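Student: Sharing model-v2.tsv (TSV, C-alpha atoms) below.
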chain	number	residue	atom	x	y	z
A	1	MET	CA	-91.49	47.32	22.01
A	2	ILE	CA	-94.48	45.62	20.39
A	3	VAL	CA	-94.40	44.35	16.82
A	4	VAL	CA	-97.82	43.59	15.34
A	5	PHE	CA	-97.90	41.48	12.19
A	6	GLY	CA	-101.40	41.24	10.81
A	7	SER	CA	-104.36	42.58	8.94
A	8	ILE	CA	-105.22	46.15	8.03
A	9	ASN	CA	-108.77	46.79	6.80
A	10	LEU	CA	-111.26	49.49	6.16
A	11	ASP	CA	-114.58	48.75	7.88
A	12	LEU	CA	-118.05	49.51	6.55
A	13	ILE	CA	-120.25	49.50	9.66
A	14	PHE	CA	-124.03	49.12	9.43
A	15	SER	CA	-126.19	49.75	12.51
A	16	LEU	CA	-129.32	47.68	11.88
A	17	PRO	CA	-132.46	46.70	13.79
A	18	SER	CA	-131.39	43.05	13.35
A	19	ILE	CA	-128.56	41.10	11.75
A	20	PRO	CA	-129.71	39.85	8.32
A	21	ARG	CA	-130.56	36.18	7.90
A	22	PRO	CA	-129.77	34.35	4.65
A	23	GLY	CA	-131.77	35.93	1.82
A	24	GLU	CA	-132.96	38.84	3.98
A	25	THR	CA	-132.38	42.56	3.38
A	26	VAL	CA	-132.44	44.77	6.49
A	27	LEU	CA	-132.48	48.56	6.15
A	28	GLY	CA	-130.58	50.81	8.54
A	29	PRO	CA	-130.35	54.58	8.89
A	30	SER	CA	-126.68	55.05	7.93
A	31	THR	CA	-123.23	53.59	7.33
A	32	ARG	CA	-119.91	54.50	8.93
A	33	LEU	CA	-116.51	54.10	7.28
A	34	GLU	CA	-113.72	53.41	9.75
A	35	PRO	CA	-110.23	51.87	9.90
A	36	GLY	CA	-110.16	48.27	11.18
A	37	GLY	CA	-108.60	44.84	10.77
A	38	LYS	CA	-107.56	42.69	13.71
A	39	GLY	CA	-103.88	43.49	13.40
A	40	ALA	CA	-104.41	47.23	13.06
A	41	ASN	CA	-106.98	47.29	15.86
A	42	GLN	CA	-104.59	45.54	18.23
A	43	ALA	CA	-101.75	47.88	17.26
A	44	VAL	CA	-103.93	50.93	17.94
A	45	ALA	CA	-105.08	49.49	21.29
A	46	ALA	CA	-101.51	48.89	22.45
A	47	ALA	CA	-100.34	52.32	21.25
A	48	ARG	CA	-103.25	54.17	22.87
A	49	ASP	CA	-102.42	52.38	26.11
A	50	GLY	CA	-98.89	53.77	25.96
A	51	ALA	CA	-96.85	51.16	24.10
A	52	GLU	CA	-94.22	51.71	21.42
A	53	VAL	CA	-95.69	49.82	18.45
A	54	VAL	CA	-94.45	48.76	15.01
A	55	MET	CA	-97.05	47.55	12.48
A	56	ALA	CA	-96.22	45.15	9.64
A	57	GLY	CA	-98.83	44.30	7.04
A	58	ALA	CA	-100.12	45.31	3.64
A	59	VAL	CA	-102.64	47.66	2.05
A	60	GLY	CA	-103.51	48.35	-1.56
A	61	ARG	CA	-102.43	51.26	-3.70
A	62	ASP	CA	-106.07	52.33	-3.81
A	63	ALA	CA	-107.78	55.23	-2.04
A	64	LEU	CA	-108.90	52.93	0.77
A	65	GLY	CA	-105.30	52.28	1.81
A	66	ASP	CA	-104.73	55.78	3.18
A	67	LEU	CA	-108.06	55.69	5.03
A	68	ALA	CA	-107.21	52.33	6.57
A	69	LEU	CA	-103.93	53.70	7.98
A	70	ARG	CA	-105.32	56.96	9.36
A	71	LEU	CA	-105.89	56.00	13.01
A	72	LEU	CA	-102.69	53.96	13.15
A	73	ARG	CA	-100.82	57.13	12.22
A	74	GLU	CA	-102.77	59.21	14.74
A	75	ALA	CA	-101.92	56.68	17.48
A	76	GLY	CA	-98.21	57.01	16.69
A	77	VAL	CA	-97.73	53.49	15.33
A	78	ASN	CA	-94.60	53.02	13.19
A	79	LEU	CA	-95.79	52.14	9.67
A	80	ASP	CA	-92.41	51.73	7.96
A	81	ARG	CA	-93.09	48.00	7.52
A	82	VAL	CA	-96.51	48.32	5.90
A	83	ARG	CA	-96.35	47.34	2.22
A	84	ARG	CA	-98.34	48.87	-0.63
A	85	VAL	CA	-99.33	46.11	-3.05
A	86	GLU	CA	-101.25	45.71	-6.30
A	87	ALA	CA	-104.41	44.41	-4.62
A	88	SER	CA	-107.44	46.00	-3.06
A	89	THR	CA	-107.12	47.12	0.54
A	90	GLY	CA	-108.77	44.65	2.90
A	91	CYS	CA	-112.37	45.54	3.64
A	92	ALA	CA	-114.93	44.33	6.20
A	93	ALA	CA	-118.70	44.74	6.21
A	94	ILE	CA	-119.88	44.80	9.84
A	95	THR	CA	-123.54	44.62	10.84
A	96	VAL	CA	-124.42	45.59	14.41
A	97	ASP	CA	-127.80	45.09	16.10
A	98	PRO	CA	-129.29	47.21	18.95
A	99	ASP	CA	-127.85	44.80	21.57
A	100	GLY	CA	-124.32	45.31	20.26
A	101	ASN	CA	-124.04	41.90	18.61
A	102	ASN	CA	-122.30	41.80	15.24
A	103	ALA	CA	-121.76	39.72	12.13
A	104	ILE	CA	-118.76	40.40	9.91
A	105	ALA	CA	-117.82	39.58	6.32
A	106	VAL	CA	-114.21	40.24	5.29
A	107	GLY	CA	-112.58	40.62	1.88
A	108	SER	CA	-108.90	39.95	2.63
A	109	GLY	CA	-107.42	41.71	-0.39
A	110	ALA	CA	-103.93	43.08	0.32
A	111	ASN	CA	-103.72	41.18	3.62
A	112	LEU	CA	-103.03	38.03	1.62
A	113	PHE	CA	-99.74	39.62	0.50
A	114	ALA	CA	-98.34	40.29	3.99
A	115	HIS	CA	-95.00	38.51	4.49
A	116	ALA	CA	-93.15	37.57	7.66
A	117	SER	CA	-89.96	38.90	6.03
A	118	GLN	CA	-91.33	42.43	6.52
A	119	VAL	CA	-90.30	41.99	10.17
A	120	GLU	CA	-86.51	41.91	10.07
A	121	ASP	CA	-84.43	39.92	12.55
A	122	PRO	CA	-83.03	42.94	14.49
A	123	LEU	CA	-86.60	43.72	15.61
A	124	LEU	CA	-86.91	40.31	17.23
A	125	GLY	CA	-85.29	39.80	20.60
A	126	PRO	CA	-85.95	39.46	24.34
A	127	GLY	CA	-87.13	43.08	24.51
A	128	THR	CA	-89.87	42.58	21.90
A	129	THR	CA	-93.43	41.31	22.14
A	130	VAL	CA	-94.76	40.00	18.83
A	131	VAL	CA	-98.54	40.09	18.38
A	132	LEU	CA	-100.21	37.91	15.74
A	133	GLN	CA	-103.69	36.96	14.52
A	134	MET	CA	-105.08	34.83	11.69
A	135	GLU	CA	-106.21	37.33	9.02
A	136	VAL	CA	-102.96	37.07	7.04
A	137	PRO	CA	-101.56	33.84	5.51
A	138	ALA	CA	-101.11	31.19	8.20
A	139	ALA	CA	-97.77	30.05	6.75
A	140	GLU	CA	-96.36	33.57	7.22
A	141	THR	CA	-97.64	33.68	10.79
A	142	ALA	CA	-96.06	30.31	11.56
A	143	GLU	CA	-92.75	31.46	10.06
A	144	LEU	CA	-92.68	34.59	12.20
A	145	ILE	CA	-93.54	32.60	15.34
A	146	ALA	CA	-90.52	30.35	14.72
A	147	ARG	CA	-88.16	33.28	14.10
A	148	ALA	CA	-89.45	35.26	17.08
A	149	ARG	CA	-89.15	32.28	19.42
A	150	ALA	CA	-85.61	31.55	18.23
A	151	ALA	CA	-84.65	35.19	18.89
A	152	GLY	CA	-86.11	35.15	22.41
A	153	ALA	CA	-89.11	37.41	21.75
A	154	ARG	CA	-92.42	36.96	23.58
A	155	VAL	CA	-95.18	35.85	21.17
A	156	VAL	CA	-98.86	36.62	21.80
A	157	LEU	CA	-101.18	34.84	19.37
A	158	ASN	CA	-104.85	35.67	18.97
A	159	LEU	CA	-106.15	32.65	17.03
A	160	ALA	CA	-108.86	34.69	15.34
A	161	PRO	CA	-110.51	33.77	13.16
A	162	ALA	CA	-109.88	30.15	14.13
A	163	ALA	CA	-107.60	28.42	11.62
A	164	ALA	CA	-105.00	25.67	11.62
A	165	LEU	CA	-101.39	26.24	12.57
A	166	PRO	CA	-98.78	23.51	13.04
A	167	GLU	CA	-98.75	22.29	16.62
A	168	ASP	CA	-95.08	23.16	17.01
A	169	ALA	CA	-95.96	26.78	16.18
A	170	LEU	CA	-98.71	26.82	18.81
A	171	ARG	CA	-96.32	25.37	21.38
A	172	ALA	CA	-93.74	28.08	20.61
A	173	ILE	CA	-95.92	31.01	21.71
A	174	ALA	CA	-96.03	32.54	25.18
A	175	VAL	CA	-99.71	33.52	25.39
A	176	LEU	CA	-102.70	32.30	23.40
A	177	VAL	CA	-105.92	34.32	23.34
A	178	VAL	CA	-109.14	32.80	22.00
A	179	ASN	CA	-112.83	33.50	22.43
A	180	ALA	CA	-115.35	30.77	23.22
A	181	THR	CA	-115.98	29.88	19.58
A	182	GLU	CA	-112.29	29.80	18.72
A	183	GLY	CA	-111.51	27.84	21.89
A	184	THR	CA	-114.07	25.19	20.97
A	185	TRP	CA	-112.61	24.92	17.46
A	186	LEU	CA	-109.05	24.67	18.77
A	187	ALA	CA	-109.97	22.04	21.35
A	188	ALA	CA	-111.46	19.87	18.59
A	189	TYR	CA	-108.35	20.45	16.45
A	190	LEU	CA	-106.06	19.44	19.34
A	191	ARG	CA	-108.42	16.75	20.68
A	192	CYS	CA	-108.73	18.07	24.20
A	193	GLU	CA	-111.36	19.74	26.38
A	194	ALA	CA	-112.45	23.28	25.54
A	195	SER	CA	-111.11	24.89	28.70
A	196	ALA	CA	-108.17	27.22	29.27
A	197	ALA	CA	-106.47	24.68	31.54
A	198	ALA	CA	-106.90	21.79	29.10
A	199	LEU	CA	-105.55	23.86	26.21
A	200	ARG	CA	-102.60	25.00	28.32
A	201	ASN	CA	-101.77	21.44	29.27
A	202	ARG	CA	-102.19	20.17	25.71
A	203	LEU	CA	-99.79	22.85	24.43
A	204	GLY	CA	-97.09	22.15	26.99
A	205	GLY	CA	-97.64	25.08	29.33
A	206	VAL	CA	-98.54	27.92	26.96
A	207	ALA	CA	-100.58	30.49	28.92
A	208	VAL	CA	-104.17	30.55	27.64
A	209	VAL	CA	-106.76	33.30	27.94
A	210	LEU	CA	-110.23	32.11	26.94
A	211	THR	CA	-112.62	35.07	26.71
A	212	ARG	CA	-116.36	34.66	27.08
A	213	GLY	CA	-117.72	38.16	26.52
A	214	ALA	CA	-120.00	39.19	29.38
A	215	GLY	CA	-119.00	35.94	31.09
A	216	GLY	CA	-115.47	37.23	31.64
A	217	ALA	CA	-112.25	35.37	30.90
A	218	GLU	CA	-110.98	31.94	31.90
A	219	VAL	CA	-107.21	32.14	32.35
A	220	ALA	CA	-104.66	29.37	32.70
A	221	GLY	CA	-101.21	30.72	33.45
A	222	ARG	CA	-98.12	28.66	34.07
A	223	ASP	CA	-98.91	28.16	37.77
A	224	ALA	CA	-102.55	29.15	38.27
A	225	VAL	CA	-106.02	29.01	36.78
A	226	TRP	CA	-108.56	31.72	37.52
A	227	HIS	CA	-111.67	33.51	36.30
A	228	GLU	CA	-111.46	37.21	35.46
A	229	PRO	CA	-114.94	38.75	35.64
A	230	ALA	CA	-116.14	41.06	32.88
A	231	GLN	CA	-116.88	44.63	33.89
A	232	PRO	CA	-120.63	45.37	34.05
A	233	VAL	CA	-121.20	48.05	31.40
A	234	PRO	CA	-124.07	48.92	29.05
A	235	THR	CA	-123.15	47.32	25.73
A	236	THR	CA	-123.46	49.47	22.62
A	237	ASP	CA	-121.22	47.62	20.14
A	238	THR	CA	-118.82	44.72	20.70
A	239	THR	CA	-116.87	45.35	17.47
A	240	ALA	CA	-113.10	45.52	18.19
A	241	ALA	CA	-113.53	44.74	21.91
A	242	GLY	CA	-111.62	41.48	21.53
A	243	ASP	CA	-108.84	43.23	19.62
A	244	CYS	CA	-108.71	45.96	22.25
A	245	PHE	CA	-108.31	43.23	24.88
A	246	VAL	CA	-105.37	41.65	23.03
A	247	GLY	CA	-103.57	44.94	22.38
A	248	VAL	CA	-103.76	46.10	25.98
A	249	LEU	CA	-102.85	42.64	27.28
A	250	ALA	CA	-99.74	42.67	25.09
A	251	HIS	CA	-98.77	46.13	26.31
A	252	LEU	CA	-98.93	45.13	29.97
A	253	LEU	CA	-96.91	41.97	29.35
A	254	ASP	CA	-94.38	43.96	27.30
A	255	ARG	CA	-93.78	46.34	30.19
A	256	GLY	CA	-93.22	43.44	32.59
A	257	GLU	CA	-96.56	43.15	34.41
A	258	THR	CA	-97.97	39.80	35.49
A	259	LEU	CA	-100.48	37.92	33.36
A	260	ARG	CA	-103.11	38.51	36.06
A	261	MET	CA	-102.62	42.28	35.95
A	262	ALA	CA	-102.48	42.26	32.14
A	263	VAL	CA	-105.79	40.36	31.88
A	264	ARG	CA	-107.42	42.67	34.40
A	265	ARG	CA	-106.50	45.87	32.59
A	266	ALA	CA	-107.33	44.35	29.21
A	267	SER	CA	-110.79	43.45	30.52
A	268	VAL	CA	-111.37	47.04	31.61
A	269	ALA	CA	-110.24	48.49	28.28
A	270	ALA	CA	-112.43	46.02	26.36
A	271	ALA	CA	-115.42	46.95	28.54
A	272	ILE	CA	-114.95	50.63	27.70
A	273	CYS	CA	-114.73	49.66	24.03
A	274	CYS	CA	-118.12	47.91	24.27
A	275	THR	CA	-119.82	51.12	25.40
A	276	ARG	CA	-118.97	52.90	22.13
A	277	HIS	CA	-119.82	52.57	18.47
A	278	GLY	CA	-117.21	51.60	15.91
A	279	SER	CA	-114.01	49.62	15.62
A	280	GLN	CA	-110.75	51.55	16.10
A	281	ALA	CA	-112.64	54.69	17.11
A	282	SER	CA	-114.06	52.84	20.13
A	283	ILE	CA	-110.67	51.85	21.61
A	284	PRO	CA	-109.85	53.83	24.79
A	285	THR	CA	-106.74	55.80	25.57
A	286	GLN	CA	-104.45	55.07	28.49
A	287	ALA	CA	-105.99	57.92	30.47
A	288	GLU	CA	-109.52	56.66	29.87
A	289	THR	CA	-108.64	53.17	31.06
A	290	ASP	CA	-106.80	54.58	34.08
A	291	ALA	CA	-109.87	56.62	35.01
A	292	PHE	CA	-112.31	53.69	34.83
A	293	GLU	CA	-113.38	52.29	38.21
A	294	PRO	CA	-113.71	48.52	37.83
A	295	ALA	CA	-116.16	46.59	39.99
A	296	SER	CA	-113.24	44.71	41.57
A	297	GLY	CA	-111.50	47.90	42.74
A	298	PRO	CA	-108.94	50.41	41.40
A	299	LEU	CA	-106.44	49.29	38.77
A	300	GLY	CA	-103.62	50.76	40.79
Take the structure in the file and give it back as structure tokens.
Tutor:
Amino acid sequence: MIVVFGSINLDLIFSLPSIPRPGETVLGPSTRLEPGGKGANQAVAAARDGAEVVMAGAVGRDALGDLALRLLREAGVNLDRVRRVEASTGCAAITVDPDGNNAIAVGSGANLFAHASQVEDPLLGPGTTVVLQMEVPAAETAELIARARAAGARVVLNLAPAAALPEDALRAIAVLVVNATEGTWLAAYLRCEASAAALRNRLGGVAVVLTRGAGGAEVAGRDAVWHEPAQPVPTTDTTAAGDCFVGVLAHLLDRGETLRMAVRRASVAAAICCTRHGSQASIPTQAETDAFEPASGPLG
């Protein structure tokens, strides 16, 4: 089982001819309203890939809360541990240019009221994979890492957006996923080189997956370091591709696959995501990922 503790947002997505610069207004033809948030996106990705998923987080008592939970419900994610609080539901404004690049502004809202205590101890054990990000309070994330590690659960941390956690919390996780920007920030924070191997060594053997978009992923497992190539696809929108990667990676690890196989499938699912518009709506199903023919050969 996968337990995701993290953010739940509603995304306002603007397709624009260019991403606005400071002081600039750019007109686009339309706006889409879609469920998002890193935590929710990762939960949907894991569930659509076939995992049993529990989501813990918070939304407001406003009209946006129901909209933000819609695709989680449709994916079959257990929402019993999602709180309704007296704050606005988290909201993100996402601008996307014709090349699929994006810039995102987030109003955290109810996500600031998510508590680690929403995940009770019986959920944490050797049969559970806990998935975390950095869009809810860092102190709550650190607390859940400690409890999950003590209970024997596998912890997958996506340090996104990059933010400080105590080093003992970072050393307690099983797998760390960062993109190039986050990896550079973390390397400066830890005073080491910005490579997957250097981060792994600095953190005492934590497996590190350093994603580089079209440049693929640099992976440092416990016993090996390798490069996982990105799948060559026409890019429409990169929104949620990183979250899709994390959710599918967690699912494969949860069902006992190797890190190499997990990274490979996650790369394929993220590539499919990049060919579609939107955030959660762009995340593929298990059947769609199975049917994709990667450049490196069948997934098996």
Student: So which residues touch region 148-165 of chain A within 9 Å, counting only C-alpha atoms, skipping near sequence neighbours fewer than 6 positions away, as number ranges by chain?
Tutor: A: 38, 121, 124-135, 138-139, 141-142, 172-179, 181-183, 185-186, 189, 243, 246, 250, 253-254
Student: Filtering to C-alpha atoms, could you give me those residues as a compact mmCIF listing (two decimals), keeping the file's coordinate frame?
Tutor:
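Writing done, so here's result.txt:
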# COMPACT_ATOMS: atom_id res chain seq x y z
CA LYS A 38 -107.56 42.69 13.71
CA ASP A 121 -84.43 39.92 12.55
CA LEU A 124 -86.91 40.31 17.23
CA GLY A 125 -85.29 39.80 20.60
CA PRO A 126 -85.95 39.46 24.34
CA GLY A 127 -87.13 43.08 24.51
CA THR A 128 -89.87 42.58 21.90
CA THR A 129 -93.43 41.31 22.14
CA VAL A 130 -94.76 40.00 18.83
CA VAL A 131 -98.54 40.09 18.38
CA LEU A 132 -100.21 37.91 15.74
CA GLN A 133 -103.69 36.96 14.52
CA MET A 134 -105.08 34.83 11.69
CA GLU A 135 -106.21 37.33 9.02
CA ALA A 138 -101.11 31.19 8.20
CA ALA A 139 -97.77 30.05 6.75
CA THR A 141 -97.64 33.68 10.79
CA ALA A 142 -96.06 30.31 11.56
CA ALA A 172 -93.74 28.08 20.61
CA ILE A 173 -95.92 31.01 21.71
CA ALA A 174 -96.03 32.54 25.18
CA VAL A 175 -99.71 33.52 25.39
CA LEU A 176 -102.70 32.30 23.40
CA VAL A 177 -105.92 34.32 23.34
CA VAL A 178 -109.14 32.80 22.00
CA ASN A 179 -112.83 33.50 22.43
CA THR A 181 -115.98 29.88 19.58
CA GLU A 182 -112.29 29.80 18.72
CA GLY A 183 -111.51 27.84 21.89
CA TRP A 185 -112.61 24.92 17.46
CA LEU A 186 -109.05 24.67 18.77
CA TYR A 189 -108.35 20.45 16.45
CA ASP A 243 -108.84 43.23 19.62
CA VAL A 246 -105.37 41.65 23.03
CA ALA A 250 -99.74 42.67 25.09
CA LEU A 253 -96.91 41.97 29.35
CA ASP A 254 -94.38 43.96 27.30
Student: Considering only C-alpha atoms, can you say which of A:Ala114, A:Ala105, A:Leu71, A:Ile94 comes closest to Ile283 (chain A)?
Tutor: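 Using only C-alpha atoms, the shortest distance to Ile283 (chain A) belongs to A:Leu71.
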Student: Applying 9 Å and only C-alpha atoms, which residues near Ala266 (chain A) remain after dropping the ones on its own chain fewer than 2 positions away? List them as a PyMOL selection string.
Tutor: chain A and resi 244-250+252+261-264+268-271
Student: For Glu143 (chain A), please output as a VMD selection string all residues within 10 Å (counting all atoms listed in the file; exclusion window: fewer than 3 positions along the same chain).
Tutor: chain A and resid 115 to 117 138 to 140 146 to 148 169
Student: Record the distance separating CA of Ala93 (chain A) and CA of Asn9 (chain A), expressed in Å with one decimal.
Tutor: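 Those two atoms sit 10.2 Å apart.
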Student: Which value, in Å to one decimal, gives the distance between CA of Ala291 (chain A) and CA of His227 (chain A)?
Tutor: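 Separation between CA of Ala291 (chain A) and CA of His227 (chain A): 23.2 Å.
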Student: From the options A:Cys274, A:Leu210, A:Cys192, A:Leu112, which residue's atoms come nearest to Pro234 (chain A), counting all atoms listed in the file?
Tutor: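 Among A:Cys274, A:Leu210, A:Cys192, A:Leu112, it is A:Cys274 that comes nearest to Pro234 (chain A).
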Student: When you count all atoms listed in the file, which of these residues is closest to Trp226 (chain A): A:Thr239, A:Ala197, A:Ser108, A:Ser279?
Tutor: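 Among A:Thr239, A:Ala197, A:Ser108, A:Ser279, it is A:Ala197 that comes nearest to Trp226 (chain A).
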Student: Would you please work out which residue, of A:Gly36, A:Pro232, A:Pro122, A:Pro137, is nearest to Ser282 (chain A) when using only C-alpha atoms?
Tutor: A:Gly36
Student: Under the rule of at most 7 Å, produce a per-residue listing of region 113-219 of chain A near region 52-58 of chain A: chain, number, name, the closest pair of atoms, and the distance in Å, as a tab-separated table, using only C-alpha atoms.
Tutor:
residue	atom	partner	partner_atom	distance
A:Phe113	CA	A:Ala58	CA	6.5
A:Ala114	CA	A:Gly57	CA	5.1
A:Gln118	CA	A:Ala56	CA	6.4
A:Val119	CA	A:Ala56	CA	6.7
Student: Which residue, A:Arg32, A:Arg191, A:Arg222, A:Arg73, has the smallest gap to Val206 (chain A) when you use all atoms listed in the file?
Tutor: A:Arg222
Student: For Ala198 (chain A), work out the shell of residues within 10 Å, counting only C-alpha atoms and skipping chain neighbours fewer than 5 positions away, then give it as an MDAnalysis selection string.
Tutor: chainID A and resid 187 191:193 203 205 208 220
Student: Between CA of Arg84 (chain A) and CA of Ile145 (chain A), what is the distance, to one decimal in Å?
Tutor: 23.3 Å
Student: Mind working out the centre and edge lengths of an axis-aligned box for region 230-239 of chain A, all listed atoms inside, 6 Å added to each side, rounded to one decimal in Å and written as JSON?
Tutor:
{"center_x": -120.1, "center_y": 45.3, "center_z": 25.8, "size_x": 19.9, "size_y": 20.4, "size_z": 28.6}
